[in-house]
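J.: Contents of my_file25.cif (mmCIF, C-alpha atoms):
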```cif
data_query
loop_
_atom_site.group_PDB
_atom_site.id
_atom_site.type_symbol
_atom_site.label_atom_id
_atom_site.label_comp_id
_atom_site.auth_asym_id
_atom_site.auth_seq_id
_atom_site.Cartn_x
_atom_site.Cartn_y
_atom_site.Cartn_z
ATOM 1 C CA MET A 98 32.263 -53.222 -76.363
ATOM 2 C CA ASN A 99 34.934 -54.179 -73.813
ATOM 3 C CA ASP A 100 34.863 -50.688 -72.299
ATOM 4 C CA VAL A 101 31.208 -51.210 -71.323
ATOM 5 C CA PRO A 102 30.908 -52.600 -67.762
ATOM 6 C CA ALA A 103 29.430 -56.090 -67.667
ATOM 7 C CA ILE A 104 27.188 -54.955 -64.801
ATOM 8 C CA GLU A 105 26.574 -51.413 -63.605
ATOM 9 C CA VAL A 106 24.357 -51.069 -60.523
ATOM 10 C CA LEU A 107 23.057 -47.577 -59.766
ATOM 11 C CA ASP A 108 21.423 -46.829 -56.386
ATOM 12 C CA LEU A 109 19.315 -50.003 -56.492
ATOM 13 C CA GLN A 110 16.482 -50.166 -53.944
ATOM 14 C CA LYS A 111 13.800 -52.693 -53.034
ATOM 15 C CA SER A 112 11.290 -52.741 -50.202
ATOM 16 C CA PHE A 113 8.696 -55.293 -49.139
ATOM 17 C CA GLY A 114 6.289 -53.290 -47.010
ATOM 18 C CA GLU A 115 8.305 -51.915 -44.105
ATOM 19 C CA ASN A 116 11.265 -54.180 -44.885
ATOM 20 C CA ARG A 117 13.913 -52.267 -46.859
ATOM 21 C CA ALA A 118 15.628 -55.323 -48.324
ATOM 22 C CA VAL A 119 18.052 -53.409 -50.589
ATOM 23 C CA GLN A 120 18.982 -49.831 -49.731
ATOM 24 C CA GLY A 121 20.743 -47.807 -52.403
ATOM 25 C CA VAL A 122 23.251 -50.403 -53.598
ATOM 26 C CA SER A 123 25.756 -49.329 -56.280
ATOM 27 C CA PHE A 124 28.706 -51.213 -57.763
ATOM 28 C CA GLU A 125 30.335 -52.012 -61.094
ATOM 29 C CA VAL A 126 31.586 -55.318 -62.522
ATOM 30 C CA THR A 127 34.204 -55.294 -65.290
ATOM 31 C CA GLN A 128 33.832 -57.731 -68.190
ATOM 32 C CA GLY A 129 35.649 -61.016 -67.616
ATOM 33 C CA GLU A 130 35.971 -60.814 -63.827
ATOM 34 C CA ILE A 131 34.512 -62.691 -60.858
ATOM 35 C CA PHE A 132 32.696 -60.316 -58.514
ATOM 36 C CA SER A 133 31.358 -61.728 -55.236
ATOM 37 C CA LEU A 134 28.604 -60.328 -53.068
ATOM 38 C CA LEU A 135 29.525 -61.529 -49.577
ATOM 39 C CA GLY A 136 27.230 -61.284 -46.581
ATOM 40 C CA PRO A 137 25.143 -63.235 -44.077
ATOM 41 C CA ASN A 138 21.756 -64.720 -44.884
ATOM 42 C CA GLY A 139 19.225 -61.896 -45.070
ATOM 43 C CA ALA A 140 21.783 -59.309 -46.188
ATOM 44 C CA GLY A 141 19.915 -58.613 -49.447
ATOM 45 C CA LYS A 142 22.117 -60.577 -51.851
ATOM 46 C CA THR A 143 19.360 -62.716 -53.404
ATOM 47 C CA THR A 144 16.992 -59.741 -53.683
ATOM 48 C CA THR A 145 19.740 -57.862 -55.522
ATOM 49 C CA ILE A 146 20.307 -60.824 -57.865
ATOM 50 C CA SER A 147 16.552 -61.102 -58.483
ATOM 51 C CA MET A 148 16.384 -57.454 -59.556
ATOM 52 C CA LEU A 149 19.451 -57.827 -61.772
ATOM 53 C CA SER A 150 17.751 -60.873 -63.366
ATOM 54 C CA CYS A 151 14.572 -58.829 -64.078
ATOM 55 C CA LEU A 152 12.556 -61.120 -61.773
ATOM 56 C CA LEU A 153 11.854 -58.288 -59.323
ATOM 57 C CA ARG A 154 11.269 -54.669 -60.278
ATOM 58 C CA PRO A 155 13.234 -52.198 -58.150
ATOM 59 C CA ASN A 156 11.497 -49.458 -56.170
ATOM 60 C CA GLY A 157 14.337 -47.129 -57.035
ATOM 61 C CA GLY A 158 17.554 -46.962 -59.005
ATOM 62 C CA ASP A 159 18.528 -48.942 -62.084
ATOM 63 C CA ALA A 160 21.156 -51.362 -63.353
ATOM 64 C CA ARG A 161 22.607 -52.188 -66.758
ATOM 65 C CA VAL A 162 23.835 -55.602 -67.866
ATOM 66 C CA MET A 163 26.110 -55.341 -70.928
ATOM 67 C CA GLY A 164 24.490 -51.951 -71.509
ATOM 68 C CA HIS A 165 20.870 -53.205 -71.219
ATOM 69 C CA SER A 166 18.709 -51.547 -68.549
ATOM 70 C CA ILE A 167 16.829 -53.852 -66.178
ATOM 71 C CA ARG A 168 14.007 -51.291 -66.141
ATOM 72 C CA SER A 169 13.552 -50.600 -69.845
ATOM 73 C CA ASP A 170 15.194 -53.527 -71.673
ATOM 74 C CA ALA A 171 14.496 -56.765 -69.814
ATOM 75 C CA MET A 172 14.677 -58.828 -73.021
ATOM 76 C CA GLY A 173 18.109 -57.415 -73.774
ATOM 77 C CA VAL A 174 19.286 -58.294 -70.264
ATOM 78 C CA LYS A 175 17.998 -61.860 -70.537
ATOM 79 C CA SER A 176 19.669 -62.347 -73.934
ATOM 80 C CA VAL A 177 23.163 -61.935 -72.429
ATOM 81 C CA LEU A 178 22.489 -63.505 -69.042
ATOM 82 C CA GLY A 179 22.622 -66.952 -67.444
ATOM 83 C CA VAL A 180 21.252 -67.435 -63.916
ATOM 84 C CA VAL A 181 22.034 -70.220 -61.436
ATOM 85 C CA PRO A 182 19.382 -69.831 -58.702
ATOM 86 C CA GLN A 183 19.580 -71.247 -55.176
ATOM 87 C CA ASP A 184 16.654 -73.557 -55.908
ATOM 88 C CA LEU A 185 17.195 -76.417 -58.351
ATOM 89 C CA ALA A 186 15.259 -76.193 -61.633
ATOM 90 C CA LEU A 187 15.591 -79.798 -62.813
ATOM 91 C CA TYR A 188 13.371 -82.778 -63.709
ATOM 92 C CA GLU A 189 14.517 -85.629 -61.484
ATOM 93 C CA ASP A 190 12.950 -88.347 -63.676
ATOM 94 C CA LEU A 191 15.060 -87.234 -66.643
ATOM 95 C CA THR A 192 18.773 -87.876 -67.176
ATOM 96 C CA ALA A 193 21.301 -85.039 -67.054
ATOM 97 C CA ARG A 194 21.510 -85.079 -70.847
ATOM 98 C CA GLU A 195 17.714 -84.995 -71.183
ATOM 99 C CA ASN A 196 17.470 -82.102 -68.717
ATOM 100 C CA LEU A 197 20.058 -80.103 -70.632
ATOM 101 C CA SER A 198 18.401 -80.921 -73.959
ATOM 102 C CA PHE A 199 15.010 -79.804 -72.639
ATOM 103 C CA TRP A 200 16.353 -76.465 -71.388
ATOM 104 C CA GLY A 201 18.433 -76.044 -74.535
ATOM 105 C CA LYS A 202 15.236 -76.162 -76.574
ATOM 106 C CA MET A 203 13.854 -73.407 -74.325
ATOM 107 C CA TYR A 204 16.810 -71.340 -75.571
ATOM 108 C CA SER A 205 15.836 -72.210 -79.180
ATOM 109 C CA LEU A 206 18.722 -74.640 -79.713
ATOM 110 C CA ARG A 207 17.910 -77.526 -82.088
ATOM 111 C CA GLY A 208 19.411 -80.558 -83.817
ATOM 112 C CA SER A 209 23.181 -80.966 -84.084
ATOM 113 C CA LYS A 210 23.788 -77.534 -82.545
ATOM 114 C CA LEU A 211 21.843 -78.559 -79.441
ATOM 115 C CA LYS A 212 23.626 -81.924 -79.155
ATOM 116 C CA LEU A 213 27.051 -80.283 -79.521
ATOM 117 C CA ARG A 214 26.294 -77.664 -76.891
ATOM 118 C CA VAL A 215 24.914 -80.246 -74.431
ATOM 119 C CA ASP A 216 28.136 -82.267 -74.828
ATOM 120 C CA GLU A 217 30.238 -79.125 -74.291
ATOM 121 C CA VAL A 218 28.304 -78.238 -71.143
ATOM 122 C CA LEU A 219 28.574 -81.799 -69.785
ATOM 123 C CA ASP A 220 32.343 -81.480 -70.151
ATOM 124 C CA ILE A 221 32.372 -78.095 -68.406
ATOM 125 C CA ILE A 222 30.451 -79.435 -65.396
ATOM 126 C CA GLY A 223 32.386 -82.710 -65.387
ATOM 127 C CA LEU A 224 29.407 -85.051 -65.805
ATOM 128 C CA ARG A 225 29.850 -86.487 -69.327
ATOM 129 C CA ASP A 226 30.411 -89.997 -67.887
ATOM 130 C CA ARG A 227 27.218 -89.790 -65.775
ATOM 131 C CA ALA A 228 25.060 -88.055 -68.380
ATOM 132 C CA SER A 229 22.733 -91.046 -68.939
ATOM 133 C CA GLU A 230 21.751 -91.432 -65.283
ATOM 134 C CA ARG A 231 18.533 -90.025 -63.882
ATOM 135 C CA VAL A 232 19.118 -86.770 -62.021
ATOM 136 C CA GLY A 233 17.044 -88.145 -59.128
ATOM 137 C CA LYS A 234 19.929 -90.544 -58.380
ATOM 138 C CA TYR A 235 22.504 -87.748 -58.246
ATOM 139 C CA SER A 236 24.014 -86.303 -55.080
ATOM 140 C CA GLY A 237 23.076 -82.748 -54.128
ATOM 141 C CA GLY A 238 26.383 -81.478 -55.480
ATOM 142 C CA MET A 239 25.927 -83.192 -58.856
ATOM 143 C CA LYS A 240 22.436 -81.720 -59.172
ATOM 144 C CA ARG A 241 23.858 -78.265 -58.545
ATOM 145 C CA ARG A 242 26.427 -78.845 -61.293
ATOM 146 C CA VAL A 243 23.621 -79.699 -63.741
ATOM 147 C CA ASN A 244 21.832 -76.553 -62.569
ATOM 148 C CA ILE A 245 24.943 -74.567 -63.519
ATOM 149 C CA GLY A 246 25.019 -76.361 -66.874
ATOM 150 C CA VAL A 247 21.481 -75.202 -67.684
ATOM 151 C CA ALA A 248 22.578 -71.573 -67.257
ATOM 152 C CA LEU A 249 25.513 -72.083 -69.655
ATOM 153 C CA LEU A 250 23.641 -73.593 -72.597
ATOM 154 C CA HIS A 251 23.088 -70.370 -74.555
ATOM 155 C CA LYS A 252 26.691 -69.139 -73.977
ATOM 156 C CA PRO A 253 25.784 -66.089 -71.898
ATOM 157 C CA LYS A 254 28.244 -63.223 -71.541
ATOM 158 C CA VAL A 255 27.321 -62.799 -67.872
ATOM 159 C CA ILE A 256 26.319 -65.446 -65.327
ATOM 160 C CA TYR A 257 24.828 -64.980 -61.857
ATOM 161 C CA MET A 258 25.439 -67.741 -59.304
ATOM 162 C CA ASP A 259 23.383 -67.389 -56.122
ATOM 163 C CA GLU A 260 24.866 -69.414 -53.214
ATOM 164 C CA PRO A 261 25.689 -72.394 -55.485
ATOM 165 C CA THR A 262 27.574 -74.410 -52.832
ATOM 166 C CA VAL A 263 25.075 -74.332 -49.965
ATOM 167 C CA GLY A 264 24.412 -77.745 -48.423
ATOM 168 C CA ILE A 265 26.724 -79.867 -50.569
ATOM 169 C CA ASP A 266 29.671 -82.144 -49.847
ATOM 170 C CA PRO A 267 33.275 -80.820 -49.936
ATOM 171 C CA GLN A 268 34.194 -82.642 -53.168
ATOM 172 C CA SER A 269 31.219 -81.211 -55.080
ATOM 173 C CA ARG A 270 31.938 -77.805 -53.618
ATOM 174 C CA ARG A 271 35.493 -78.024 -54.930
ATOM 175 C CA ASN A 272 34.200 -79.005 -58.396
ATOM 176 C CA ILE A 273 31.850 -76.025 -58.481
ATOM 177 C CA LEU A 274 34.529 -73.557 -57.389
ATOM 178 C CA ASP A 275 36.871 -74.920 -60.062
ATOM 179 C CA SER A 276 34.054 -74.542 -62.626
ATOM 180 C CA VAL A 277 33.625 -70.877 -61.692
ATOM 181 C CA VAL A 278 37.318 -70.220 -62.378
ATOM 182 C CA ARG A 279 37.053 -72.024 -65.749
ATOM 183 C CA LEU A 280 34.121 -69.787 -66.734
ATOM 184 C CA LYS A 281 36.267 -66.737 -66.082
ATOM 185 C CA ASP A 282 39.121 -68.287 -68.081
ATOM 186 C CA GLU A 283 36.688 -68.609 -71.006
ATOM 187 C CA GLY A 284 35.966 -64.875 -70.837
ATOM 188 C CA MET A 285 32.681 -64.998 -68.967
ATOM 189 C CA THR A 286 31.748 -62.470 -66.270
ATOM 190 C CA VAL A 287 30.566 -64.068 -63.006
ATOM 191 C CA LEU A 288 28.510 -62.395 -60.270
ATOM 192 C CA TYR A 289 28.706 -64.796 -57.322
ATOM 193 C CA THR A 290 26.845 -64.550 -54.018
ATOM 194 C CA THR A 291 27.995 -66.355 -50.902
ATOM 195 C CA HIS A 292 28.086 -66.181 -47.124
ATOM 196 C CA TYR A 293 31.283 -68.255 -47.092
ATOM 197 C CA MET A 294 34.168 -65.859 -46.565
ATOM 198 C CA GLU A 295 36.800 -68.316 -47.829
ATOM 199 C CA GLU A 296 34.956 -68.752 -51.160
ATOM 200 C CA ALA A 297 34.858 -65.024 -51.808
ATOM 201 C CA GLN A 298 38.507 -64.681 -50.847
ATOM 202 C CA GLU A 299 39.610 -67.546 -53.126
ATOM 203 C CA LEU A 300 37.540 -66.750 -56.224
ATOM 204 C CA SER A 301 37.068 -63.047 -56.520
ATOM 205 C CA ASP A 302 38.717 -60.234 -58.418
ATOM 206 C CA HIS A 303 36.505 -57.834 -56.461
ATOM 207 C CA ILE A 304 34.211 -58.317 -53.460
ATOM 208 C CA GLY A 305 31.220 -56.328 -52.266
ATOM 209 C CA ILE A 306 30.287 -56.864 -48.613
ATOM 210 C CA MET A 307 26.555 -56.593 -47.919
ATOM 211 C CA ASP A 308 24.737 -56.306 -44.601
ATOM 212 C CA HIS A 309 21.151 -55.294 -43.809
ATOM 213 C CA GLY A 310 20.455 -54.358 -47.428
ATOM 214 C CA LYS A 311 23.455 -52.072 -47.820
ATOM 215 C CA LEU A 312 26.792 -52.436 -49.577
ATOM 216 C CA ILE A 313 29.145 -51.531 -46.730
ATOM 217 C CA ALA A 314 32.487 -52.048 -48.491
ATOM 218 C CA CYS A 315 33.786 -52.924 -51.931
ATOM 219 C CA GLY A 316 37.224 -53.666 -53.378
ATOM 220 C CA THR A 317 39.792 -56.385 -53.954
ATOM 221 C CA GLY A 318 40.401 -58.831 -51.116
ATOM 222 C CA GLU A 319 43.679 -57.063 -50.372
ATOM 223 C CA GLU A 320 42.049 -53.625 -50.335
ATOM 224 C CA LEU A 321 39.319 -54.808 -47.972
ATOM 225 C CA VAL A 322 41.754 -56.447 -45.552
ATOM 226 C CA LYS A 323 43.644 -53.138 -45.372
ATOM 227 C CA LEU A 324 40.513 -51.631 -43.792
ATOM 228 C CA VAL A 325 41.452 -53.372 -40.554
ATOM 229 C CA GLY A 326 45.139 -52.451 -40.896
ATOM 230 C CA GLN A 327 47.422 -55.148 -39.588
ATOM 231 C CA GLN A 328 45.009 -56.212 -36.874
ATOM 232 C CA THR A 329 44.861 -59.835 -35.813
ATOM 233 C CA ARG A 330 41.730 -61.556 -34.535
ATOM 234 C CA ILE A 331 41.889 -63.626 -31.347
ATOM 235 C CA ASP A 332 38.916 -65.890 -30.530
ATOM 236 C CA LEU A 333 38.734 -67.027 -26.905
ATOM 237 C CA THR A 334 36.419 -69.055 -24.704
ATOM 238 C CA LEU A 335 36.166 -68.610 -20.928
ATOM 239 C CA ASN A 336 35.026 -70.794 -18.050
ATOM 240 C CA GLY A 337 32.341 -68.300 -17.053
ATOM 241 C CA ASP A 338 30.494 -65.101 -17.924
ATOM 242 C CA GLY A 339 32.904 -62.907 -19.883
ATOM 243 C CA ALA A 340 31.152 -59.528 -19.435
ATOM 244 C CA SER A 341 33.440 -58.287 -16.647
ATOM 245 C CA VAL A 342 36.693 -59.447 -18.199
ATOM 246 C CA MET A 343 35.697 -57.950 -21.564
ATOM 247 C CA LYS A 344 35.613 -54.503 -19.935
ATOM 248 C CA LEU A 345 39.153 -55.025 -18.665
ATOM 249 C CA TRP A 346 40.346 -56.282 -22.031
ATOM 250 C CA GLN A 347 38.913 -53.250 -23.822
ATOM 251 C CA GLY A 348 41.312 -51.059 -21.819
ATOM 252 C CA ILE A 349 44.470 -52.982 -22.727
ATOM 253 C CA GLU A 350 46.885 -51.156 -25.019
ATOM 254 C CA GLY A 351 46.822 -52.671 -28.531
ATOM 255 C CA VAL A 352 43.189 -53.867 -28.270
ATOM 256 C CA SER A 353 40.855 -52.107 -30.727
ATOM 257 C CA ARG A 354 37.628 -54.077 -30.306
ATOM 258 C CA VAL A 355 36.127 -56.703 -28.008
ATOM 259 C CA SER A 356 32.863 -58.483 -28.858
ATOM 260 C CA ALA A 357 31.043 -61.670 -27.882
ATOM 261 C CA GLU A 358 28.679 -64.009 -29.723
ATOM 262 C CA ASP A 359 27.431 -67.510 -28.811
ATOM 263 C CA GLY A 360 29.926 -67.886 -25.950
ATOM 264 C CA LEU A 361 32.914 -66.876 -28.087
ATOM 265 C CA VAL A 362 34.785 -63.673 -27.250
ATOM 266 C CA THR A 363 36.565 -62.006 -30.173
ATOM 267 C CA VAL A 364 39.366 -59.480 -29.657
ATOM 268 C CA LEU A 365 40.944 -57.434 -32.470
ATOM 269 C CA VAL A 366 44.563 -56.517 -31.675
ATOM 270 C CA THR A 367 47.556 -54.893 -33.362
ATOM 271 C CA ASP A 368 50.073 -57.494 -32.123
ATOM 272 C CA SER A 369 48.876 -60.799 -30.682
ATOM 273 C CA ASN A 370 52.302 -61.632 -29.196
ATOM 274 C CA LEU A 371 52.265 -58.480 -27.078
ATOM 275 C CA VAL A 372 48.579 -58.435 -26.162
ATOM 276 C CA LEU A 373 47.869 -62.107 -25.411
ATOM 277 C CA PRO A 374 49.791 -62.255 -22.072
ATOM 278 C CA HIS A 375 47.848 -59.203 -20.862
ATOM 279 C CA LEU A 376 44.553 -60.909 -21.737
ATOM 280 C CA PHE A 377 45.531 -63.863 -19.537
ATOM 281 C CA GLU A 378 46.632 -61.548 -16.709
ATOM 282 C CA ALA A 379 43.368 -59.606 -16.761
ATOM 283 C CA ALA A 380 41.332 -62.833 -16.735
ATOM 284 C CA ALA A 381 43.356 -64.177 -13.780
ATOM 285 C CA LYS A 382 42.649 -60.994 -11.764
ATOM 286 C CA LEU A 383 38.965 -61.866 -11.958
ATOM 287 C CA SER A 384 39.631 -65.562 -11.226
ATOM 288 C CA MET A 385 38.552 -66.419 -14.761
ATOM 289 C CA ARG A 386 40.260 -69.018 -16.896
ATOM 290 C CA ILE A 387 40.742 -68.839 -20.675
ATOM 291 C CA THR A 388 39.891 -72.338 -21.946
ATOM 292 C CA SER A 389 40.766 -71.936 -25.646
ATOM 293 C CA VAL A 390 42.588 -69.502 -27.921
ATOM 294 C CA ASP A 391 42.441 -69.270 -31.716
ATOM 295 C CA ILE A 392 44.618 -66.629 -33.421
ATOM 296 C CA ARG A 393 43.687 -65.569 -36.962
ATOM 297 C CA GLU A 394 45.563 -63.217 -39.248
ATOM 298 C CA PRO A 395 43.544 -60.450 -40.970
ATOM 299 C CA ASN A 396 40.982 -61.759 -43.490
ATOM 300 C CA LEU A 397 37.494 -60.937 -44.732
ATOM 301 C CA GLU A 398 35.979 -62.235 -41.487
ATOM 302 C CA ALA A 399 38.009 -59.604 -39.637
ATOM 303 C CA VAL A 400 36.834 -56.962 -42.118
ATOM 304 C CA PHE A 401 33.178 -57.837 -41.495
ATOM 305 C CA LEU A 402 33.754 -57.784 -37.729
ATOM 306 C CA HIS A 403 35.510 -54.419 -38.025
ATOM 307 C CA LEU A 404 32.683 -52.907 -40.086
ATOM 308 C CA THR A 405 29.676 -54.343 -38.227
ATOM 309 C CA GLY A 406 30.892 -55.257 -34.742
ATOM 310 C CA ARG A 407 29.911 -58.903 -35.188
ATOM 311 C CA ALA A 408 31.243 -62.015 -36.872
ATOM 312 C CA LEU A 409 30.099 -63.239 -40.278
ATOM 313 C CA ARG A 410 28.155 -66.373 -39.412
ATOM 314 C CA ASP A 411 26.114 -68.859 -41.467
#
```
Could you rewrite the structure in this file as structure tokens?

T.:
Amino acid sequence: MNDVPAIEVLDLQKSFGENRAVQGVSFEVTQGEIFSLLGPNGAGKTTTISMLSCLLRPNGGDARVMGHSIRSDAMGVKSVLGVVPQDLALYEDLTARENLSFWGKMYSLRGSKLKLRVDEVLDIIGLRDRASERVGKYSGGMKRRVNIGVALLHKPKVIYMDEPTVGIDPQSRRNILDSVVRLKDEGMTVLYTTHYMEEAQELSDHIGIMDHGKLIACGTGEELVKLVGQQTRIDLTLNGDGASVMKLWQGIEGVSRVSAEDGLVTVLVTDSNLVLPHLFEAAAKLSMRITSVDIREPNLEAVFLHLTGRALRD
């Protein structure tokens, strides 16, 4: 069974009226790996997850989860799948243990088997010592950890996690990221969606970059960074309108792209040490002053900028 892909997505498509939310997306996830879908809000990540969870029916294409088709074998898909949605599915008046017990019964767990699995899950999410407290008293991050626990109760082979760290404190975020790695260590396959570039870069064996409903690149972090060569990103702010100086900068040798967003000018260069003095000289010719400089080595943010012409923002 190990030679069967955990997830195989084949030309998946979904439209809502005139809005083509997912446009011919295809990718493959190997068993036992963490695969991240990275992209801004509205890129089509959640719609893709919803189709792969059999919550939405695609307009075109298909996908198989552990060999089960989302079109013709939804029950088979759900039998091997755990889903952590963006929205919390918890009863705030119940304790963490009571929430897990309730959902465990939904998965047909009973008696000592249910109690054992709830204890195991509480250990996985790091909340055994707080298990008797009402969920309503928990922080947002702790609630999200219980939400993850619900998806683990029936020991799924594959788990989807849709933006699980949005809006939580740094400590809880760290706990969740560590939990994702532990799931992989236990042999589980994780499909993880995020718009946080650093999460995808830290966690993933492979990354698919989505934008406007399309998968625009896919590979390991290292393979994706190679798409921009050895280019370095320089972010600059100016003391005035940067339109005129941007034209000058575009003509400097070693500059491959110049773009601006929300008052920040971004320049992709082959060698920041050689190019930076020329950027200052060109600005001075127009009596403009560079007020801040931030130099970043190639990363997934640079890849997204290279592919789309704009930065990956929240």

J.: Residues within 7 Å of Val255 (chain A), please, as a PyMOL selection string. Count all atoms listed in the file; anything in the same chain fewer than 2 positions from it doesn't count.

T.: chain A and resi 177-179+253+257+285-287

J.: Only C-alpha atoms, please: the residues just picked out, written as an mmCIF file, in the frame of the given file.

T.:
```cif
data_model
loop_
_atom_site.group_PDB
_atom_site.id
_atom_site.type_symbol
_atom_site.label_atom_id
_atom_site.label_comp_id
_atom_site.auth_asym_id
_atom_site.auth_seq_id
_atom_site.Cartn_x
_atom_site.Cartn_y
_atom_site.Cartn_z
ATOM 1 C CA VAL A 177 23.163 -61.935 -72.429
ATOM 2 C CA LEU A 178 22.489 -63.505 -69.042
ATOM 3 C CA GLY A 179 22.622 -66.952 -67.444
ATOM 4 C CA PRO A 253 25.784 -66.089 -71.898
ATOM 5 C CA TYR A 257 24.828 -64.980 -61.857
ATOM 6 C CA MET A 285 32.681 -64.998 -68.967
ATOM 7 C CA THR A 286 31.748 -62.470 -66.270
ATOM 8 C CA VAL A 287 30.566 -64.068 -63.006
#
```

J.: Suppose a student applies the PyMOL selection byres ((chain A and resi 348-358) around 12) to this structure; what residues should they get, written as a PyMOL selection string?

T.: chain A and resi 325-335+338-347+359-380+399+402-410

J.: Would you compute the distance between CA of Ser269 (chain A) and CA of Gly238 (chain A)? Give it in Å to one decimal.

T.: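 Atom-to-atom, CA of Ser269 (chain A) and CA of Gly238 (chain A) are spaced 4.9 Å apart.
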
J.: Could you tell me how far CA of Glu130 (chain A) sits from CA of Leu211 (chain A), in Å to one decimal place?

T.: 27.5 Å

J.: Tell me, as a ChimeraX atom specification, which residues lie within 10 Å of Ala228 (chain A), counting all atoms listed in the file; anything in the same chain fewer than 2 positions away does not count.

T.: /A:192-197,215-216,219-220,223-226,230-232,243

J.: Report the closest atom pair, with its distance in Å rounded to one decimal, for each residue of region 280-325 of chain A that has an atom no farther than 8 Å from region 141-147 of chain A; count all atoms listed in the file, sort by chain and then rising residue number, and write it as a Markdown table.

T.:
```
| residue | atom | partner | partner_atom | distance |
| --- | --- | --- | --- | --- |
| A:Thr290 | CA | A:Lys142 | CA | 6.5 |
| A:Met307 | CA | A:Gly141 | CA | 7.1 |
| A:Asp308 | CA | A:Gly141 | CA | 7.2 |
| A:His309 | CA | A:Gly141 | CA | 6.7 |
| A:Gly310 | CA | A:Gly141 | CA | 4.7 |
| A:Lys311 | CA | A:Gly141 | CA | 7.6 |
```

J.: Could you work out how far CA of Leu206 (chain A) lies from CA of Ser150 (chain A), giving the answer in Å with one decimal?

T.: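 Separation of CA of Ser150 (chain A) and CA of Leu206 (chain A): 21.4 Å.
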
J.: Find the residue from A:Asn138, A:Glu105, A:Ala381, A:Tyr188 that sits nearest to His165 (chain A); use all atoms listed in the file when measuring.

T.: A:Glu105

J.: Using all atoms listed in the file for the distances, tell me which of A:Arg270, A:Arg393, A:His292, A:Lys175 is nearest to Arg161 (chain A).

T.: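 Counting all atoms listed in the file, the residue closest to Arg161 (chain A) is A:Lys175.
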
J.: Nearest to His303 (chain A): which of A:Ile131, A:Leu397, A:Leu191, A:Pro182 is it, counting all atoms listed in the file?

T.: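 So, comparing all the options, the nearest one is A:Ile131.
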